[in-house]
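S.K.: Before anything else, here's the structure in question.
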Protein chains: 4
Amino acid sequence: MYDLAEFVIRAAQLIKPDQVEKMIDTLENFYKNNRNGKVLVMGAGRSGLVGRAFAMRLLHLGYNAYVLGETIVPAIGKNDLAIAISGSGRTRLILTAAEAAKEAKATLIAVTSYADSPIGKIADIVVEVPGRTKYSQFEDYFARQILGITEPLAPLGTLFEDTTQMFLDGVVAELMLRLKKTEEDLRQIHANIEL
Amino acid sequence: MYDLAEFVIRAAQLIKPDQVEKMIDTLENFYKNNRNGKVLVMGAGRSGLVGRAFAMRLLHLGYNAYVLGETIVPAIGKNDLAIAISGSGRTRLILTAAEAAKEAKATLIAVTSYADSPIGKIADIVVEVPGRTKYSQFEDYFARQILGITEPLAPLGTLFEDTTQMFLDGVVAELMLRLKKTEEDLRQIHANIEL
Amino acid sequence: MYDLAEFVIRAAQLIKPDQVEKMIDTLENFYKNNRNGKVLVMGAGRSGLVGRAFAMRLLHLGYNAYVLGETIVPAIGKNDLAIAISGSGRTRLILTAAEAAKEAKATLIAVTSYADSPIGKIADIVVEVPGRTKYSQFEDYFARQILGITEPLAPLGTLFEDTTQMFLDGVVAELMLRLKKTEEDLRQIHANIEL
Amino acid sequence: MYDLAEFVIRAAQLIKPDQVEKMIDTLENFYKNNRNGKVLVMGAGRSGLVGRAFAMRLLHLGYNAYVLGETIVPAIGKNDLAIAISGSGRTRLILTAAEAAKEAKATLIAVTSYADSPIGKIADIVVEVPGRTKYSQFEDYFARQILGITEPLAPLGTLFEDTTQMFLDGVVAELMLRLKKTEEDLRQIHANIEL
């Protein structure tokens, strides 16, 4: 648990401020100037769960947020935002969905470890979040040597997923400040009947 | 398959028009006079799936529809609608959720085989949809003898679920007429990226 | 509701017995000879909900059933079965998933209105279930004239979805007979804590 | 993001080793001596998402893991394990589900900030994970003063959720060691078609 948290701290130092700025500016402007706009969050497996946790907070912040794969998903178009979360940037169904989002003319934000991956390449905005993935031996070595965490401590996409979860919760904190939302504002929207 | 469809036709004859009228009037008025109101659909197991299919069409019709158990569920209150689907009217988690909906002062519609069940009793509007359930030996006999279908053809809640699915799709057809919605209107909202 | 149920009865007459036989034989043999085999059910939107309702009954029958898009989905391979449900046979994410299933060497069953659709073509077994879909003007005309149901009564994929739901519940009834399962057997597996 | 990760590190120091030991021993013995046993993970909202992320890894480790609220959930009984995740220990639907799990005679593990909460009290094993929750003013003060994090940085249950996510990923790492599982073992089970 310590190792994971310390990895997150080291990873935070590697996240590029200008990429984050672009993502948060986009979300801030979207909220202020496009109140009917929709945000569709897309991710597979545990990245999808991280995406859901973020989508839920976007809802609490007052966004019209949706999650790919749920029952309640409207059409999206050119005034909408799609956020694809994929460590490798090449998760097949998410790539298909990201391509469809681009064809629908939505703005696409990718959160991925690889800006030059298929999903990264078609995105309008990319935020690179470090993590180990199966995609690249070199990057694996990088994660292992530079970031100092070894495989059995965090199998498969764990590092990307946990780092992204904390990163996106940081984005939520920043959006609260920019949109002048208090915890009480969020609580007002938070489900009162919930599973 | 024939037997199931014929059961649905016989069951349709047993559904009480005044109950249906109340449900559809409520949905019609809700749409026309309460455009910010939310509809939360609640059901467990296969009844929950039937509820999701209905919630999706409510979304396509222009309602702010949500499904208990999904990520994107806002708070509901006195201007909102909760629809509980439970054959027995006593599914535990749905009863808990229905009670919470009443405490939040939402209007509660119950779709159930048993108006005098715990969920039926606390609902503001009940629509009785026939089906076999484990709840009552007598009702079982009723389903078997009067409706003429026997157990191995439709195990557990199958009859209630399939009948309710067709009933709710009938409600959708009626709402399309009353709200003057065309198929093209629904298609505009229908997800264009979907799983 | 009557019109929908009557459509289902007419549609049932159009389903090809040899296609159904192949599907049920496959499921029967799979259960009897491949107890560790997995069945992955895949569908988008309301077809996905119909798939979930079927997957739940497969679980109750004793299969290792899973649903694409849920948390608990294992890898599938050459001894496994994938069942794709798509009215048009060209739902994008389901086509992507069906292709992946074929690459993994799983046996692919398609339930679709169009045997010659992309998903129909790559499937090992196809069951054609009639329904109206956006895919083809001709087929639309067919549904309207021959099957006698018009658009506002059953928007978008409703006819395919409801017919498939009843068809698959018919498959469950037949499997109960072939696998000598009683309702009580199913109830033993049915969730006792459920949402 | 730094603040959140540092909170997790401070919170890790407050987690009681004997509680963790009991939970991991139970999971280890369960795996070794009860290969047909089922693990049902239960949580609402973002705690539910954290639970799903853990359930997915339990599946990868070789457990028969399930998630409350999904389609594929079998009955559980006296040889099974239920894991309830609730910061406050009083989330209504999770309390209802936890009570049902106890009635079914399953072993109940609670992961909560409050051992003396309703869910904590009926659990066989409790692991206390620190976090801020709405439940208690005093505990709020505790989180704020001792743990040094203030509200707008981590609204609602964020601290509990993120800490629990990292804690449970730590449990996965320990289980990999005890069950002698490599990342490759996990990858073999990880879904190859995924959303």
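Ligands are numbered from 1 in the order shown, chains are lettered A, B, ... in the order of the structure tokens, and residues start at 1 in each chain.
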List as a PyMOL selection string the protein and nucleic acid residues near segment 107-120 of chain B, meaning an atom at most 9 Å away when only C-alpha atoms are counted, but skip any in the same chain fewer than 2 places from it.
M.R.: chain B and resi 23+77-91+94-95+98-99+101-102+105+122-133+160+164
S.K.: Using only C-alpha atoms, I'd like a table of the residues in chain B that come within 9 Å of chain D; for each, show the closest atom pair and its distance in Å rounded to one decimal, ordered by chain and ascending number, as a tab-separated table.
M.R.:
```
residue	atom	partner	partner_atom	distance
B:Ala44	CA	D:Gly69	CA	7.9
B:Gly45	CA	D:Thr71	CA	6.7
B:Arg46	CA	D:Thr71	CA	8.2
B:Leu49	CA	D:Thr71	CA	8.7
B:Gly69	CA	D:Gly69	CA	6.3
B:Glu70	CA	D:Gly45	CA	8.3
B:Thr71	CA	D:Gly45	CA	6.7
B:Arg92	CA	D:Thr96	CA	7.7
B:Leu93	CA	D:Leu93	CA	6.3
B:Ile94	CA	D:Leu93	CA	8.9
B:Thr96	CA	D:Leu93	CA	6.8
B:Ala97	CA	D:Leu93	CA	7.3
B:Ala100	CA	D:Arg92	CA	8.9
B:Leu195	CA	D:Leu195	CA	8.2
```
S.K.: Write the residues of the selection above to a file with C-alpha atoms, as a compact mmCIF listing (two decimals), in the first residue's frame.
M.R.:
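Listing of again.txt after writing:
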```
# COMPACT_ATOMS: atom_id res chain seq x y z
CA ALA B 44 -33.68 -6.38 -9.16
CA GLY B 45 -32.49 -9.22 -11.34
CA ARG B 46 -34.46 -9.73 -14.55
CA LEU B 49 -33.34 -5.50 -16.77
CA GLY B 69 -27.51 0.60 -9.52
CA GLU B 70 -25.85 2.56 -12.31
CA THR B 71 -23.07 5.09 -11.86
CA ARG B 92 -35.82 -6.89 -0.33
CA LEU B 93 -33.44 -4.34 -1.81
CA ILE B 94 -36.21 -2.86 -3.95
CA THR B 96 -35.60 -0.72 0.89
CA ALA B 97 -35.13 1.54 -2.13
CA ALA B 100 -36.18 5.54 0.67
CA LEU B 195 -22.56 -1.06 -25.51
```
S.K.: Out of C:Ile9, C:Lys32, C:Leu4, C:Thr158, which residue has the shortest atom-to-atom distance to Met56 of chain B when counting only C-alpha atoms?
M.R.: C:Thr158
S.K.: List the neighbours of Tyr63 of chain A out to 10 Å using only C-alpha atoms; skip same-chain residues closer than 5 positions along the sequence, and give me the result as a list of chain:residue names.
M.R.: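 Answer for this query is A:Leu27, A:Phe30, A:Tyr31, A:Asn34, A:Arg35, A:Asn36, A:Gly37, A:Lys38, A:Val39, A:Ala55, A:Met56, A:Arg57, A:Leu58.
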S.K.: Check segment 9-189 of chain C with DSSP on the backbone and list each residue it calls strand (DSSP E or B), as a ChimeraX atom specification.
M.R.: /C:38-43,64-67,74,81-85,107-112,125-128
S.K.: Rounded to one decimal in Å, what is the spacing between atom CA of Asp18 of chain A and atom CA of Met42 of chain A?
M.R.: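 Between these atoms lies a distance of 22.8 Å.
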S.K.: Between atom CA of Arg10 of chain A and atom CA of Pro155 of chain D, what distance in Å does the model show, to one decimal?
M.R.: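 Value for the atom CA of Arg10 of chain A-atom CA of Pro155 of chain D distance: 23.6 Å.
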S.K.: Would you give me, as a ChimeraX atom specification, the residues in segment 1-190 of chain A that DSSP reads as helix (DSSP H, G or I)?
M.R.: /A:2-14,17-33,45-61,92-103,118-122,137-145,151-153,158-178,183-189
